[in-house]
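See structure below.
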Amino acid sequence: MNLAILQPEIQQFINDHLKTDPTKLLLKHKELSGIPFAEIMAQIQAKAKCEKKLPTWFSAKNIYYPNKLNIEQTSSEKTANYKANILKGNSLIDLTGGFGVDCYAFAKKFRKVTHCEISPQLSEIVAHNYKILKVENVETIAQNGIDYVQQTSQTFDCIYVDPSRRNDVKGKVFLLEDCLPDVVSHQEILLKHANTVLIKTSPLLDITNGVRVLKHVKEIHVVAVQNEVKELVWLLDKNSKGDDIAIKTVNLTTKETESFNFQLSEERQTEVCFGLPKKYLYEPNAAIMKAGGFSSIANSFQLEKLHPHSHLYTANELIDFPGRRFEVQKIVPFNKKVFKKELHLSKANITTRNFPVSVAAIRKKLTLADGGTDFLFATTLLSENKVILHCIKV
């Protein structure tokens with residue numbers, strides 16, 4: 001840490017230039033108050049990324065920022081707070097502490113939190129920021145978290161780990177066993193030191209593969225923000241056999257929190273009713289789609305599905321639903337001549353579900369601009385007919 005960056009005039013400069021073009025600043029300055037300008041520029045770029053993602057840090061004075069990559073890789077405050085509400089207890093250790101956002105949230109639910117971070121520089125930054133934020137129940141340790149757990153005789157109520165998707169040898173990876181640290185090979189060691197282990201993984205991770213390689217899975221949380229899946233969170237419980245896993249989906253929006261839960265075993269056994277499009281069309285949110293709760297959502301809300309692979313649902317009744325709701329205006333075949341005759345549209349929002357043609361190709365074929373209040377769903381019905389559903393959002 002270069003403490004000179006915390007000088008009032010430097011902090012003021014950083015705040016005054018959060019929206020300034022970095023190239024112009026770098027051309028204009030080589031240093032400021034004896035500080036290499038590259039260091040100040042790094043603070044500006046990192047802080048700018050925190051305005052919406054980490055408002056607590058952004059609004060606090062004298063926060064010291066790591067490089068912007070650390071900010072990009074950290075949890076948002078929204079997702080950190082969600083994870084913190086999953087569990088509570090006396091002690092939690094975060095093996096991959098990073099910028100400390102998750103630990104900040106956990107500290108509100110646990111009496112004592114330990115933050116392990118392999119980078120001494122980042123660990124020092126986190127310790128400084130916790131003092132600024134008046135966090136007094138987090139201990140920061142500059143050490144590899146896996147090594148620390150293996151060396152200590154201490155046990156914890158919960159171990160939290162966020163494996164890096166960047167492998168020094170393989171580059172960017174998607175299999176859980178290729179991430180660092182490798183929680184797959186270390187899971188028994190982790191459960192020896194805690195009754196529960198919470199693992200955050202990339203939204204790109206295949207859930208079926210995760211269930212295959214992880215033991216004692218009790219819950220899987222699929223966390224979306226503004227209908228974009230951000231995290232998969234795996235709760236391992238020492239007493240769970242992993243044969244009846246609860247899937248918990250959440251979509252955190254500015255207006256509300258959409259939640260839908262189901263059991264993985266029930267999803268595999270639930271039968272679905274199919275039907276033609278009725279008055280209303282329902283599209284599950286991204287968290288449910290990622291979780292694969294396609295039969296459970298139909299059964300829970302008594303909806304009919306258009307096709308086994310379309311993942312669009314329908315009913316004559318308008319109901320509260322964790323996703324988007326539309327009123328169907330017209331159904332037309334995917335044919336340019338018929339489309340132009342039946343629907344006099346120059347622009348529309350287009351979504352494809354189980355359809356062989358891309359959105360870009362559909363726009364080109366039907367000469368449609370993007371936007372407006374009309375929604376078109378290009379999909380396949382149970383009869384295998386390819387159709388366009390013209391809808392208005394409810």
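Ligands are numbered from 1 in the order shown, residues from 1 within each chain, and chains are lettered A, B, ... in the order they appear in the structure tokens.
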Find the residues around region 6-15 of chain A up to 10 Å (only C-alpha atoms counted), leave out those fewer than 2 positions away in its own chain, and share them as a PyMOL selection string. chain A and resi 1-4+17-20+32-33+35+40-45+47-48+58+61-64
Next, dump the selected residues to file, keeping only N, CA, C and O atoms, as a compact mmCIF listing (two decimals), in the first residue's frame.
# COMPACT_ATOMS: atom_id res chain seq x y z
N MET A 1 0.83 -1.21 0.00
CA MET A 1 0.00 0.00 0.00
C MET A 1 0.86 1.25 0.00
O MET A 1 1.83 1.33 0.75
N ASN A 2 0.50 2.18 -0.83
CA ASN A 2 1.16 3.48 -0.82
C ASN A 2 0.24 4.45 -0.08
O ASN A 2 -0.71 4.98 -0.65
N LEU A 3 0.52 4.67 1.20
CA LEU A 3 -0.37 5.47 2.04
C LEU A 3 -0.48 6.92 1.57
O LEU A 3 -1.43 7.63 1.94
N ALA A 4 0.47 7.35 0.75
CA ALA A 4 0.42 8.72 0.24
C ALA A 4 -0.84 8.94 -0.60
O ALA A 4 -1.32 10.07 -0.74
N HIS A 17 -12.26 12.73 -10.87
CA HIS A 17 -11.94 12.22 -12.20
C HIS A 17 -12.43 10.79 -12.43
O HIS A 17 -11.90 10.07 -13.29
N LEU A 18 -13.46 10.39 -11.71
CA LEU A 18 -13.98 9.03 -11.86
C LEU A 18 -14.59 8.79 -13.24
O LEU A 18 -14.65 7.65 -13.71
N LYS A 19 -15.04 9.84 -13.87
CA LYS A 19 -15.67 9.69 -15.18
C LYS A 19 -14.83 10.29 -16.31
O LYS A 19 -15.29 10.41 -17.45
N THR A 20 -13.60 10.64 -16.01
CA THR A 20 -12.71 11.23 -17.01
C THR A 20 -12.06 10.14 -17.85
O THR A 20 -11.73 9.06 -17.33
N LEU A 32 1.79 12.88 -9.41
CA LEU A 32 0.97 13.85 -8.68
C LEU A 32 1.41 13.79 -7.23
O LEU A 32 1.36 12.72 -6.60
N SER A 33 1.89 14.91 -6.71
CA SER A 33 2.40 14.99 -5.33
C SER A 33 3.45 13.91 -5.06
O SER A 33 3.48 13.31 -3.98
N ILE A 35 3.62 10.98 -6.39
CA ILE A 35 3.10 9.62 -6.58
C ILE A 35 3.04 9.31 -8.07
O ILE A 35 2.47 10.09 -8.84
N ILE A 40 -2.26 6.21 -9.16
CA ILE A 40 -3.49 6.99 -8.97
C ILE A 40 -4.54 6.58 -9.99
O ILE A 40 -5.72 6.44 -9.67
N MET A 41 -4.08 6.34 -11.22
CA MET A 41 -5.01 5.91 -12.27
C MET A 41 -5.64 4.57 -11.91
O MET A 41 -6.84 4.34 -12.16
N ALA A 42 -4.87 3.68 -11.32
CA ALA A 42 -5.39 2.37 -10.90
C ALA A 42 -6.48 2.54 -9.85
O ALA A 42 -7.49 1.82 -9.86
N GLN A 43 -6.30 3.50 -8.94
CA GLN A 43 -7.32 3.78 -7.92
C GLN A 43 -8.60 4.32 -8.55
O GLN A 43 -9.71 3.93 -8.20
N ILE A 44 -8.43 5.21 -9.52
CA ILE A 44 -9.59 5.80 -10.21
C ILE A 44 -10.39 4.71 -10.92
O ILE A 44 -11.62 4.64 -10.80
N GLN A 45 -9.71 3.87 -11.67
CA GLN A 45 -10.39 2.83 -12.44
C GLN A 45 -11.08 1.81 -11.54
O GLN A 45 -12.20 1.37 -11.82
N LYS A 47 -12.10 2.28 -8.33
CA LYS A 47 -13.21 2.91 -7.61
C LYS A 47 -14.42 3.11 -8.52
O LYS A 47 -15.56 2.93 -8.09
N ALA A 48 -14.17 3.48 -9.76
CA ALA A 48 -15.27 3.72 -10.70
C ALA A 48 -16.13 2.47 -10.87
O ALA A 48 -17.34 2.56 -11.07
N PHE A 58 -17.71 2.51 -2.09
CA PHE A 58 -17.65 3.69 -2.95
C PHE A 58 -17.96 4.97 -2.18
O PHE A 58 -17.32 6.01 -2.40
N LYS A 61 -15.04 7.27 2.85
CA LYS A 61 -13.81 8.04 2.61
C LYS A 61 -12.59 7.19 2.94
O LYS A 61 -12.61 6.35 3.83
N ASN A 62 -11.51 7.44 2.19
CA ASN A 62 -10.20 6.81 2.43
C ASN A 62 -10.17 5.30 2.24
O ASN A 62 -9.38 4.59 2.87
N ILE A 63 -11.04 4.78 1.37
CA ILE A 63 -10.95 3.38 0.97
C ILE A 63 -9.78 3.22 0.01
O ILE A 63 -9.60 4.04 -0.90
N TYR A 64 -9.00 2.19 0.22
CA TYR A 64 -7.87 1.90 -0.68
C TYR A 64 -8.29 0.75 -1.59
O TYR A 64 -8.80 -0.27 -1.13
Excluding Leu95 (chain A) and its own-chain neighbours fewer than 6 positions away, which residues fall within 10 Å of it when counting only C-alpha atoms? Please give them as a ChimeraX atom specification. /A:114-118,141,143-149,159-163,181
Spatial neighbours of region 350-367 of chain A, max dist 7 Å, only C-alpha atoms, sep filter under 3 positions, as JSON, numbers by chain: {"A": [309, 310, 336, 375, 376, 377, 378, 379, 380]}
Check the DSSP output for the backbone and give back, as a VMD selection string, the residues of region 124-310 of chain A in alpha helix (DSSP H). chain A and resid 124 to 132 145 to 151 183 to 193 207 to 213 264 to 269 286 to 291 294 to 301
Would you return as a short mmCIF file (atom, residue, chain, number, x, y, z; two decimals) with N, CA, C and O atoms, in the first residue's frame the members of region 136-355 of chain A that DSSP assigns to strand (DSSP E) on this structure's backbone?
data_model
loop_
_atom_site.label_atom_id
_atom_site.label_comp_id
_atom_site.auth_asym_id
_atom_site.auth_seq_id
_atom_site.Cartn_x
_atom_site.Cartn_y
_atom_site.Cartn_z
N VAL A 138 -13.48 -9.23 12.21
CA VAL A 138 -12.83 -9.98 11.14
C VAL A 138 -11.32 -9.95 11.34
O VAL A 138 -10.72 -8.88 11.45
N GLU A 139 -10.71 -11.12 11.38
CA GLU A 139 -9.26 -11.23 11.46
C GLU A 139 -8.72 -11.50 10.06
O GLU A 139 -9.19 -12.41 9.37
N THR A 140 -7.75 -10.71 9.62
CA THR A 140 -7.16 -10.90 8.30
C THR A 140 -5.84 -11.65 8.41
O THR A 140 -4.97 -11.29 9.21
N ILE A 141 -5.69 -12.71 7.61
CA ILE A 141 -4.48 -13.54 7.61
C ILE A 141 -3.95 -13.64 6.19
O ILE A 141 -4.67 -14.08 5.29
N PHE A 156 -14.57 -24.68 12.68
CA PHE A 156 -15.42 -23.51 12.42
C PHE A 156 -16.86 -23.97 12.20
O PHE A 156 -17.11 -25.13 11.85
N ASP A 157 -17.77 -23.05 12.38
CA ASP A 157 -19.16 -23.37 12.05
C ASP A 157 -19.33 -23.51 10.55
O ASP A 157 -20.11 -24.33 10.06
N CYS A 158 -18.60 -22.69 9.82
CA CYS A 158 -18.71 -22.72 8.35
C CYS A 158 -17.39 -22.33 7.69
O CYS A 158 -16.68 -21.46 8.20
N ILE A 159 -17.08 -22.99 6.58
CA ILE A 159 -15.96 -22.60 5.73
C ILE A 159 -16.54 -22.10 4.42
O ILE A 159 -17.40 -22.74 3.83
N TYR A 160 -16.06 -20.93 3.99
CA TYR A 160 -16.51 -20.36 2.72
C TYR A 160 -15.32 -20.31 1.76
O TYR A 160 -14.20 -19.96 2.16
N VAL A 161 -15.56 -20.66 0.51
CA VAL A 161 -14.49 -20.63 -0.48
C VAL A 161 -15.05 -20.23 -1.84
O VAL A 161 -16.12 -20.66 -2.25
N ARG A 166 -9.48 -18.94 -12.88
CA ARG A 166 -8.26 -18.76 -13.67
C ARG A 166 -7.18 -19.68 -13.12
O ARG A 166 -6.67 -19.48 -12.02
N ASN A 167 -6.85 -20.71 -13.89
CA ASN A 167 -5.85 -21.69 -13.52
C ASN A 167 -4.50 -21.30 -14.13
O ASN A 167 -4.43 -20.98 -15.32
N GLY A 171 -5.30 -21.80 -17.81
CA GLY A 171 -5.98 -20.57 -18.18
C GLY A 171 -7.37 -20.52 -17.59
O GLY A 171 -7.60 -21.01 -16.48
N LYS A 172 -8.33 -19.93 -18.30
CA LYS A 172 -9.70 -19.85 -17.80
C LYS A 172 -10.36 -21.22 -17.90
O LYS A 172 -10.35 -21.86 -18.95
N ALA A 194 -15.21 -28.14 9.56
CA ALA A 194 -16.48 -27.41 9.68
C ALA A 194 -17.63 -28.34 9.32
O ALA A 194 -17.48 -29.23 8.48
N ASN A 195 -18.76 -28.12 9.96
CA ASN A 195 -19.95 -28.93 9.65
C ASN A 195 -20.55 -28.53 8.31
O ASN A 195 -21.19 -29.35 7.65
N THR A 196 -20.36 -27.29 7.92
CA THR A 196 -20.90 -26.81 6.65
C THR A 196 -19.82 -26.09 5.85
O THR A 196 -18.96 -25.40 6.41
N VAL A 197 -19.87 -26.27 4.54
CA VAL A 197 -18.96 -25.59 3.62
C VAL A 197 -19.81 -24.90 2.56
O VAL A 197 -20.71 -25.51 1.98
N LEU A 198 -19.54 -23.63 2.34
CA LEU A 198 -20.27 -22.84 1.33
C LEU A 198 -19.29 -22.54 0.20
O LEU A 198 -18.23 -21.96 0.43
N ILE A 199 -19.65 -22.95 -1.02
CA ILE A 199 -18.77 -22.77 -2.18
C ILE A 199 -19.46 -21.91 -3.22
O ILE A 199 -20.58 -22.21 -3.65
N LYS A 200 -18.80 -20.83 -3.61
CA LYS A 200 -19.32 -19.99 -4.69
C LYS A 200 -18.64 -20.40 -5.99
O LYS A 200 -17.42 -20.54 -6.04
N THR A 201 -19.44 -20.61 -7.04
CA THR A 201 -18.85 -20.98 -8.33
C THR A 201 -19.42 -20.10 -9.43
O THR A 201 -20.40 -19.39 -9.24
N VAL A 217 -23.83 -32.53 -0.72
CA VAL A 217 -24.52 -31.31 -1.14
C VAL A 217 -25.93 -31.31 -0.55
O VAL A 217 -26.71 -32.24 -0.75
N LYS A 218 -26.24 -30.25 0.16
CA LYS A 218 -27.57 -30.11 0.78
C LYS A 218 -28.44 -29.13 -0.02
O LYS A 218 -29.63 -29.37 -0.23
N GLU A 219 -27.83 -28.02 -0.44
CA GLU A 219 -28.56 -26.99 -1.18
C GLU A 219 -27.69 -26.43 -2.30
O GLU A 219 -26.46 -26.34 -2.17
N ILE A 220 -28.35 -26.03 -3.39
CA ILE A 220 -27.69 -25.27 -4.45
C ILE A 220 -28.50 -24.00 -4.66
O ILE A 220 -29.70 -24.07 -4.94
N HIS A 221 -27.84 -22.86 -4.51
CA HIS A 221 -28.51 -21.57 -4.70
C HIS A 221 -28.07 -20.98 -6.04
O HIS A 221 -26.88 -20.85 -6.31
N VAL A 222 -29.04 -20.64 -6.86
CA VAL A 222 -28.76 -20.00 -8.14
C VAL A 222 -29.15 -18.53 -7.99
O VAL A 222 -30.33 -18.20 -7.83
N VAL A 223 -28.16 -17.66 -8.02
CA VAL A 223 -28.36 -16.24 -7.68
C VAL A 223 -28.24 -15.37 -8.93
O VAL A 223 -27.18 -15.33 -9.57
N ALA A 224 -29.32 -14.69 -9.26
CA ALA A 224 -29.33 -13.75 -10.39
C ALA A 224 -29.56 -12.33 -9.88
O ALA A 224 -30.21 -12.12 -8.86
N VAL A 225 -29.02 -11.37 -10.60
CA VAL A 225 -29.26 -9.96 -10.33
C VAL A 225 -29.77 -9.33 -11.62
O VAL A 225 -29.12 -9.43 -12.66
N GLU A 228 -29.82 -11.67 -14.57
CA GLU A 228 -28.56 -12.21 -15.07
C GLU A 228 -27.94 -13.06 -13.97
O GLU A 228 -27.67 -12.56 -12.87
N VAL A 229 -27.74 -14.34 -14.24
CA VAL A 229 -27.20 -15.24 -13.22
C VAL A 229 -25.74 -14.85 -12.93
O VAL A 229 -24.91 -14.79 -13.82
N LYS A 230 -25.47 -14.59 -11.65
CA LYS A 230 -24.14 -14.14 -11.23
C LYS A 230 -23.34 -15.23 -10.52
O LYS A 230 -22.11 -15.28 -10.65
N GLU A 231 -24.03 -16.07 -9.74
CA GLU A 231 -23.32 -17.05 -8.92
C GLU A 231 -24.13 -18.33 -8.75
O GLU A 231 -25.37 -18.29 -8.75
N LEU A 232 -23.42 -19.43 -8.59
CA LEU A 232 -23.99 -20.65 -8.05
C LEU A 232 -23.36 -20.83 -6.68
O LEU A 232 -22.14 -20.71 -6.54
N VAL A 233 -24.17 -21.10 -5.67
CA VAL A 233 -23.67 -21.25 -4.31
C VAL A 233 -24.06 -22.64 -3.81
O VAL A 233 -25.24 -22.99 -3.76
N TRP A 234 -23.04 -23.42 -3.43
CA TRP A 234 -23.24 -24.81 -3.03
C TRP A 234 -23.07 -24.93 -1.52
O TRP A 234 -22.03 -24.56 -0.98
N LEU A 235 -24.07 -25.44 -0.85
CA LEU A 235 -24.00 -25.67 0.59
C LEU A 235 -23.77 -27.15 0.85
O LEU A 235 -24.62 -27.99 0.55
N LEU A 236 -22.58 -27.45 1.36
CA LEU A 236 -22.25 -28.82 1.74
C LEU A 236 -22.46 -28.98 3.24
O LEU A 236 -22.01 -28.13 4.02
N ASP A 237 -23.14 -30.01 3.62
CA ASP A 237 -23.41 -30.30 5.02
C ASP A 237 -22.88 -31.69 5.35
O ASP A 237 -23.18 -32.65 4.65
N ALA A 246 -31.88 -29.56 -2.29
CA ALA A 246 -32.81 -28.44 -2.47
C ALA A 246 -32.19 -27.43 -3.43
O ALA A 246 -31.05 -27.01 -3.25
N ILE A 247 -32.94 -27.06 -4.46
CA ILE A 247 -32.50 -26.03 -5.40
C ILE A 247 -33.25 -24.75 -5.06
O ILE A 247 -34.48 -24.72 -5.07
N LYS A 248 -32.51 -23.70 -4.77
CA LYS A 248 -33.12 -22.42 -4.39
C LYS A 248 -32.70 -21.35 -5.39
O LYS A 248 -31.51 -21.04 -5.50
N THR A 249 -33.67 -20.81 -6.10
CA THR A 249 -33.36 -19.79 -7.10
C THR A 249 -33.82 -18.44 -6.60
O THR A 249 -34.86 -18.32 -5.94
N VAL A 250 -33.05 -17.41 -6.93
CA VAL A 250 -33.42 -16.05 -6.54
C VAL A 250 -32.99 -15.09 -7.64
O VAL A 250 -31.92 -15.24 -8.23
N ASN A 251 -33.86 -14.14 -7.93
CA ASN A 251 -33.56 -13.07 -8.88
C ASN A 251 -33.73 -11.76 -8.14
O ASN A 251 -34.84 -11.36 -7.79
N LEU A 252 -32.60 -11.11 -7.85
CA LEU A 252 -32.60 -9.86 -7.08
C LEU A 252 -32.76 -8.69 -8.04
O LEU A 252 -31.87 -8.41 -8.84
N THR A 257 -37.66 -9.26 -4.94
CA THR A 257 -36.85 -10.47 -4.97
C THR A 257 -37.74 -11.63 -5.41
O THR A 257 -38.71 -11.95 -4.73
N GLU A 258 -37.43 -12.22 -6.56
CA GLU A 258 -38.19 -13.36 -7.05
C GLU A 258 -37.52 -14.64 -6.57
O GLU A 258 -36.34 -14.87 -6.84
N SER A 259 -38.27 -15.46 -5.87
CA SER A 259 -37.73 -16.72 -5.34
C SER A 259 -38.56 -17.89 -5.82
O SER A 259 -39.78 -17.81 -5.91
N PHE A 260 -37.88 -18.98 -6.10
CA PHE A 260 -38.56 -20.23 -6.44
C PHE A 260 -37.65 -21.39 -6.05
O PHE A 260 -36.49 -21.43 -6.43
N ASN A 261 -38.20 -22.32 -5.25
CA ASN A 261 -37.43 -23.45 -4.74
C ASN A 261 -38.06 -24.77 -5.17
O ASN A 261 -39.27 -24.87 -5.31
N PHE A 262 -37.21 -25.77 -5.35
CA PHE A 262 -37.71 -27.11 -5.67
C PHE A 262 -36.66 -28.14 -5.27
O PHE A 262 -35.51 -27.79 -4.98
N GLN A 263 -37.07 -29.38 -5.20
CA GLN A 263 -36.14 -30.47 -4.89
C GLN A 263 -35.64 -31.10 -6.19
O GLN A 263 -36.43 -31.37 -7.09
N TYR A 280 -52.23 -16.21 -21.98
CA TYR A 280 -51.00 -15.65 -21.38
C TYR A 280 -49.81 -16.57 -21.59
O TYR A 280 -49.94 -17.80 -21.58
N LEU A 281 -48.65 -15.94 -21.78
CA LEU A 281 -47.40 -16.67 -21.96
C LEU A 281 -46.48 -16.32 -20.80
O LEU A 281 -46.37 -15.15 -20.40
N TYR A 282 -45.78 -17.33 -20.25
CA TYR A 282 -44.90 -17.13 -19.10
C TYR A 282 -43.49 -17.60 -19.42
O TYR A 282 -43.30 -18.71 -19.93
N GLU A 283 -42.51 -16.75 -19.13
CA GLU A 283 -41.10 -17.08 -19.35
C GLU A 283 -40.38 -17.00 -18.00
O GLU A 283 -40.26 -15.93 -17.40
N PRO A 284 -39.88 -18.14 -17.48
CA PRO A 284 -39.20 -18.13 -16.18
C PRO A 284 -37.96 -17.23 -16.20
O PRO A 284 -37.34 -17.03 -17.25
N GLU A 304 -49.23 -25.04 -18.50
CA GLU A 304 -48.91 -25.98 -19.56
C GLU A 304 -47.67 -25.50 -20.29
O GLU A 304 -47.42 -24.30 -20.42
N LYS A 305 -46.89 -26.46 -20.77
CA LYS A 305 -45.66 -26.16 -21.48
C LYS A 305 -45.90 -26.29 -22.98
O LYS A 305 -46.66 -27.16 -23.42
N TYR A 313 -44.28 -21.28 -21.09
CA TYR A 313 -45.45 -21.83 -20.41
C TYR A 313 -46.67 -20.97 -20.69
O TYR A 313 -46.55 -19.78 -21.01
N THR A 314 -47.84 -21.57 -20.53
CA THR A 314 -49.06 -20.84 -20.91
C THR A 314 -50.24 -21.19 -20.03
O THR A 314 -50.27 -22.26 -19.39
N ALA A 315 -51.21 -20.26 -19.97
CA ALA A 315 -52.45 -20.45 -19.21
C ALA A 315 -53.43 -19.37 -19.63
O ALA A 315 -53.05 -18.35 -20.22
N GLY A 323 -40.81 -14.38 -13.19
CA GLY A 323 -40.30 -14.23 -14.54
C GLY A 323 -41.13 -13.21 -15.30
O GLY A 323 -41.83 -12.39 -14.69
N ARG A 324 -41.07 -13.27 -16.61
CA ARG A 324 -41.83 -12.31 -17.43
C ARG A 324 -43.18 -12.89 -17.82
O ARG A 324 -43.32 -14.10 -18.05
N ARG A 325 -44.18 -11.99 -17.90
CA ARG A 325 -45.55 -12.39 -18.27
C ARG A 325 -45.99 -11.59 -19.50
O ARG A 325 -45.75 -10.39 -19.60
N PHE A 326 -46.65 -12.29 -20.41
CA PHE A 326 -47.08 -11.65 -21.65
C PHE A 326 -48.51 -12.05 -21.99
O PHE A 326 -48.95 -13.15 -21.65
N GLU A 327 -49.20 -11.15 -22.66
CA GLU A 327 -50.51 -11.47 -23.21
C GLU A 327 -50.33 -11.77 -24.70
O GLU A 327 -49.79 -10.95 -25.45
N VAL A 328 -50.76 -12.95 -25.11
CA VAL A 328 -50.59 -13.37 -26.50
C VAL A 328 -51.59 -12.65 -27.39
O VAL A 328 -52.80 -12.68 -27.14
N GLN A 329 -51.10 -12.00 -28.45
CA GLN A 329 -51.95 -11.27 -29.38
C GLN A 329 -52.29 -12.10 -30.61
O GLN A 329 -53.42 -12.12 -31.08
N LYS A 330 -51.28 -12.79 -31.13
CA LYS A 330 -51.49 -13.55 -32.36
C LYS A 330 -50.39 -14.60 -32.51
O LYS A 330 -49.27 -14.42 -32.03
N ILE A 331 -50.74 -15.69 -33.18
CA ILE A 331 -49.77 -16.75 -33.48
C ILE A 331 -49.69 -16.88 -34.99
O ILE A 331 -50.71 -17.08 -35.66
N VAL A 332 -48.48 -16.74 -35.54
CA VAL A 332 -48.32 -16.83 -36.99
C VAL A 332 -47.17 -17.79 -37.31
O VAL A 332 -46.23 -17.94 -36.52
N PRO A 333 -47.23 -18.47 -38.44
CA PRO A 333 -46.12 -19.35 -38.83
C PRO A 333 -44.89 -18.52 -39.17
O PRO A 333 -44.98 -17.32 -39.49
N LYS A 347 -40.75 -2.76 -35.88
CA LYS A 347 -39.74 -3.10 -34.86
C LYS A 347 -40.38 -3.93 -33.76
O LYS A 347 -41.60 -3.85 -33.53
N ALA A 348 -39.55 -4.70 -33.07
CA ALA A 348 -40.05 -5.56 -31.99
C ALA A 348 -38.87 -6.13 -31.21
O ALA A 348 -37.74 -6.16 -31.69
N ASN A 349 -39.16 -6.58 -30.00
CA ASN A 349 -38.19 -7.31 -29.18
C ASN A 349 -38.35 -8.79 -29.50
O ASN A 349 -39.45 -9.32 -29.46
N ILE A 350 -37.25 -9.45 -29.84
CA ILE A 350 -37.33 -10.85 -30.28
C ILE A 350 -36.58 -11.77 -29.32
O ILE A 350 -35.46 -11.48 -28.91
N THR A 351 -37.23 -12.87 -28.97
CA THR A 351 -36.60 -13.92 -28.16
C THR A 351 -36.80 -15.25 -28.87
O THR A 351 -37.87 -15.51 -29.43
N THR A 352 -35.76 -16.08 -28.87
CA THR A 352 -35.90 -17.43 -29.44
C THR A 352 -35.85 -18.46 -28.33
O THR A 352 -35.06 -18.35 -27.40
N ARG A 353 -36.72 -19.46 -28.44
CA ARG A 353 -36.73 -20.58 -27.50
C ARG A 353 -36.96 -21.86 -28.31
O ARG A 353 -38.02 -22.02 -28.92
#
I'd like to know which of A:Phe99, A:Phe106, A:Phe294, A:Tyr65 is closest to Asn85 (chain A), using only C-alpha atoms.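 For Asn85 (chain A), the nearest of the candidates is A:Phe106.
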